[in-house]
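**Student:** One structure coming up, written as structure tokens, with questions to follow.
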Amino acid sequence: MENNSYIHKLTRQLSQLSDSERDDVIDFYSEYIMDANLTTEDEIVQKLGTPKQLARKILADYSIRAIDAEDQQTPNQKSEPRSKRNIRMIWLVILALMASPIAIPLLLALIAVLFAFMVAIAGVIIGTIVGVIAIAVAGIACIIGGLLISPTSIATCVFFIGIGLSAIGIMLVVAPLGYLIIKVLLEMAANFTRWLYQRFSKPRQQPKED
């Protein structure tokens, strides 16, 4: 039957879900298709979208729900860093928006805004890494230089070693500060992405939770 073909294609698109989550989704949509008396794949696509489009929305929904559920967990219960979840959620939402029936100019504008967020985050990451490395290298160079000239001038030696230690101290401050800024920017991008998805993505039928 054509509905079985649709469900089979949908199942293959949901490989990122756990077995239990995928089974719940497939059971729900199989029952939904039967209850709606959708007998051909064209009818199913007209109602739910293509298997790929529906799968993208399902994955985006599950990713958002996973982050919401994580907010209720204690640090010991969290299975992976929130930043990693946010990055995956942003990517899945972009794919879901691309599969949504919204105007192309609006879609391009939304993706451009998200891209700008990601470029800003990438810029901070690169800037932080380069800055930390530069400060560390300068600090180590000053310490080594100070040690090398210690036989000729103790005062100059102490001066350069002091500069080197100060540089390393600055590095120890800049590194966590840069990491914090990256986390904040990523959280902002994730929240904005979630808002975009909820605002512009057409709601899908969802399995009811027990």
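Just so we're on the same page: first chain in the structure tokens is A, next is B, and so on; residues restart at 1 for each chain, and ligands are numbered from 1 in the order they show up.
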Determine, using only C-alpha atoms, which residues of range 107-146 of chain A have any atom at most 9 Å from an atom of range 93-96 of chain A, and tabulate each with its shortest atom pair and distance in Å to one decimal place, rows ordered by chain and then rising number, as a Markdown table.
**Tutor:**
```
| residue | atom | partner | partner_atom | distance |
| --- | --- | --- | --- | --- |
| A:Leu110 | CA | A:Ile94 | CA | 8.9 |
| A:Ile111 | CA | A:Ile94 | CA | 7.1 |
| A:Leu114 | CA | A:Ile94 | CA | 8.5 |
```
**Student:** Restrict the selected residues to N, CA and C atoms and save them as a CSV table (one decimal), in the first residue's frame.
**Tutor:**
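Contents of part.csv, freshly written:
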```csv
chain,number,residue,atom,x,y,z
A,110,LEU,N,15.3,35.0,7.0
A,110,LEU,CA,15.4,34.3,8.3
A,110,LEU,C,16.7,33.6,8.4
A,111,ILE,N,17.1,32.9,7.3
A,111,ILE,CA,18.3,32.1,7.3
A,111,ILE,C,19.5,33.1,7.3
A,114,LEU,N,20.0,34.1,10.9
A,114,LEU,CA,20.7,33.0,11.7
A,114,LEU,C,22.1,32.9,11.3
```
**Student:** Please report, as JSON, numbers by chain, each residue of chain A to which DSSP assigns alpha helix (DSSP H) when run on this structure's backbone.
**Tutor:** {"A": [2, 3, 4, 5, 6, 7, 8, 9, 10, 11, 12, 13, 19, 20, 21, 22, 23, 24, 25, 26, 27, 28, 29, 30, 31, 32, 33, 34, 35, 41, 42, 43, 44, 45, 46, 47, 48, 51, 52, 53, 54, 55, 56, 57, 58, 59, 60, 61, 62, 63, 64, 65, 66, 67, 68, 69, 70, 71, 82, 83, 84, 85, 86, 87, 88, 89, 90, 91, 92, 93, 94, 95, 96, 97, 98, 99, 104, 105, 106, 107, 108, 109, 110, 111, 112, 113, 114, 115, 116, 117, 118, 119, 120, 121, 122, 123, 124, 125, 126, 127, 128, 129, 130, 131, 132, 133, 134, 135, 136, 137, 138, 139, 140, 141, 142, 143, 144, 145, 146, 147, 148, 154, 155, 156, 157, 158, 159, 160, 161, 162, 163, 164, 165, 166, 167, 168, 169, 170, 171, 172, 173, 174, 175, 176, 177, 178, 179, 180, 181, 182, 183, 184, 185, 186, 187, 188, 189, 190, 191, 192, 193, 194, 195, 196, 197, 198, 199, 200]}
**Student:** Can you tell me, as an mmCIF file with N, CA and C atoms, in the first residue's frame, what residues are no more than 9 Å from Leu147 in chain A when counting only C-alpha atoms, ignoring any on the same chain fewer than 6 positions away?
**Tutor:**
```cif
data_model
loop_
_atom_site.group_PDB
_atom_site.id
_atom_site.type_symbol
_atom_site.label_atom_id
_atom_site.label_comp_id
_atom_site.auth_asym_id
_atom_site.auth_seq_id
_atom_site.Cartn_x
_atom_site.Cartn_y
_atom_site.Cartn_z
ATOM 1 N N CYS A 157 65.846 40.869 33.764
ATOM 2 C CA CYS A 157 65.308 39.505 33.844
ATOM 3 C C CYS A 157 63.990 39.498 34.602
ATOM 4 N N VAL A 158 63.982 40.134 35.766
ATOM 5 C CA VAL A 158 62.756 40.184 36.578
ATOM 6 C C VAL A 158 61.647 40.922 35.833
ATOM 7 N N PHE A 160 61.151 41.204 32.522
ATOM 8 C CA PHE A 160 60.571 40.391 31.447
ATOM 9 C C PHE A 160 59.772 39.206 31.997
ATOM 10 N N ILE A 161 60.288 38.602 33.048
ATOM 11 C CA ILE A 161 59.541 37.490 33.646
ATOM 12 C C ILE A 161 58.213 37.991 34.212
#
```
**Student:** Determine the nearest neighbour of Asp42 in chain A from the options A:Ile149, A:Leu196, A:Ile129, A:Ser5, counting only C-alpha atoms.
**Tutor:**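 Residue with the minimum atom-to-atom distance to Asp42 in chain A: A:Ser5.
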**Student:** Considering only C-alpha atoms, return as a ChimeraX atom specification whatever protein or nucleic-acid residues lie within 7 Å of range 27-33 of chain A, sequence-local ones (same chain, fewer than 4 positions apart) excluded.
**Tutor:** /A:7,23,37-38,207
**Student:** Which neighbours of range 62-67 of chain A fall inside 8 Å, counting only C-alpha atoms, when residues of the same chain fewer than 6 positions from it are skipped, and could you give them as a VMD selection string?
**Tutor:** chain A and resid 82 85 to 86 88 to 89 92 194
**Student:** Might you pull out every residue within 12 Å of Ile133 in chain A, with only C-alpha atoms counted and same-chain residues fewer than 5 positions away left off, and present them as a PyMOL selection string?
**Tutor:** chain A and resi 126-128+138-141+167-168+170-172+174-175
**Student:** For a quick check of understanding, using only C-alpha atoms, which of A:Phe159, A:Tyr6, A:Tyr179, A:Phe117 has the smallest distance to Ile44 in chain A?
**Tutor:**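 Nearest candidate to Ile44 in chain A out of A:Phe159, A:Tyr6, A:Tyr179, A:Phe117: A:Tyr6.
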**Student:** Have a look at CA of Ala60 in chain A and CA of Ile121 in chain A and let me know their distance in Å, one decimal.
**Tutor:** 21.3 Å
**Student:** Considering only C-alpha atoms, state which residue in the set A:Tyr197, A:Met118, A:Asn4, A:Ile163 is at the smallest distance from Ile58 in chain A.
**Tutor:** A:Tyr197
**Student:** I'd like the neighbourhood of Ile182 in chain A as a list in words, where a residue qualifies if any of its atoms comes within 10 Å (using only C-alpha atoms), though same-chain residues fewer than 6 positions away should be ignored.
**Tutor:** Ser83, Ala120, Ile121, Ala122, Gly123, Val124, Ile125, Thr128, Pro176 and Met188 of chain A
**Student:** Those residues you just picked out, can you put them in a file as a JSON list (two decimals), in the first residue's frame with N, CA and C atoms?
**Tutor:**
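part-v4.json, written as the output of this step:
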```
[["chain", "number", "residue", "atom", "x", "y", "z"],
["A", 83, "SER", "N", 25.58, 23.45, 24.77],
["A", 83, "SER", "CA", 26.01, 24.11, 23.54],
["A", 83, "SER", "C", 25.90, 23.16, 22.34],
["A", 120, "ALA", "N", 28.89, 35.64, 13.84],
["A", 120, "ALA", "CA", 29.34, 36.37, 15.03],
["A", 120, "ALA", "C", 29.95, 35.41, 16.05],
["A", 121, "ILE", "N", 29.30, 34.28, 16.25],
["A", 121, "ILE", "CA", 29.83, 33.29, 17.19],
["A", 121, "ILE", "C", 31.17, 32.75, 16.70],
["A", 122, "ALA", "N", 31.25, 32.45, 15.40],
["A", 122, "ALA", "CA", 32.51, 31.95, 14.84],
["A", 122, "ALA", "C", 33.61, 32.99, 14.99],
["A", 123, "GLY", "N", 33.26, 34.26, 14.79],
["A", 123, "GLY", "CA", 34.25, 35.33, 14.94],
["A", 123, "GLY", "C", 34.78, 35.42, 16.36],
["A", 124, "VAL", "N", 33.86, 35.29, 17.33],
["A", 124, "VAL", "CA", 34.29, 35.33, 18.73],
["A", 124, "VAL", "C", 35.17, 34.13, 19.06],
["A", 125, "ILE", "N", 34.79, 32.96, 18.54],
["A", 125, "ILE", "CA", 35.59, 31.75, 18.80],
["A", 125, "ILE", "C", 37.00, 31.91, 18.23],
["A", 128, "THR", "N", 38.93, 34.61, 20.10],
["A", 128, "THR", "CA", 39.36, 34.15, 21.43],
["A", 128, "THR", "C", 40.54, 33.21, 21.33],
["A", 176, "PRO", "N", 38.41, 31.94, 29.81],
["A", 176, "PRO", "CA", 37.05, 31.64, 30.30],
["A", 176, "PRO", "C", 36.04, 32.73, 29.96],
["A", 188, "MET", "N", 21.64, 32.79, 22.82],
["A", 188, "MET", "CA", 20.80, 33.79, 22.15],
["A", 188, "MET", "C", 20.37, 33.30, 20.77]]
```
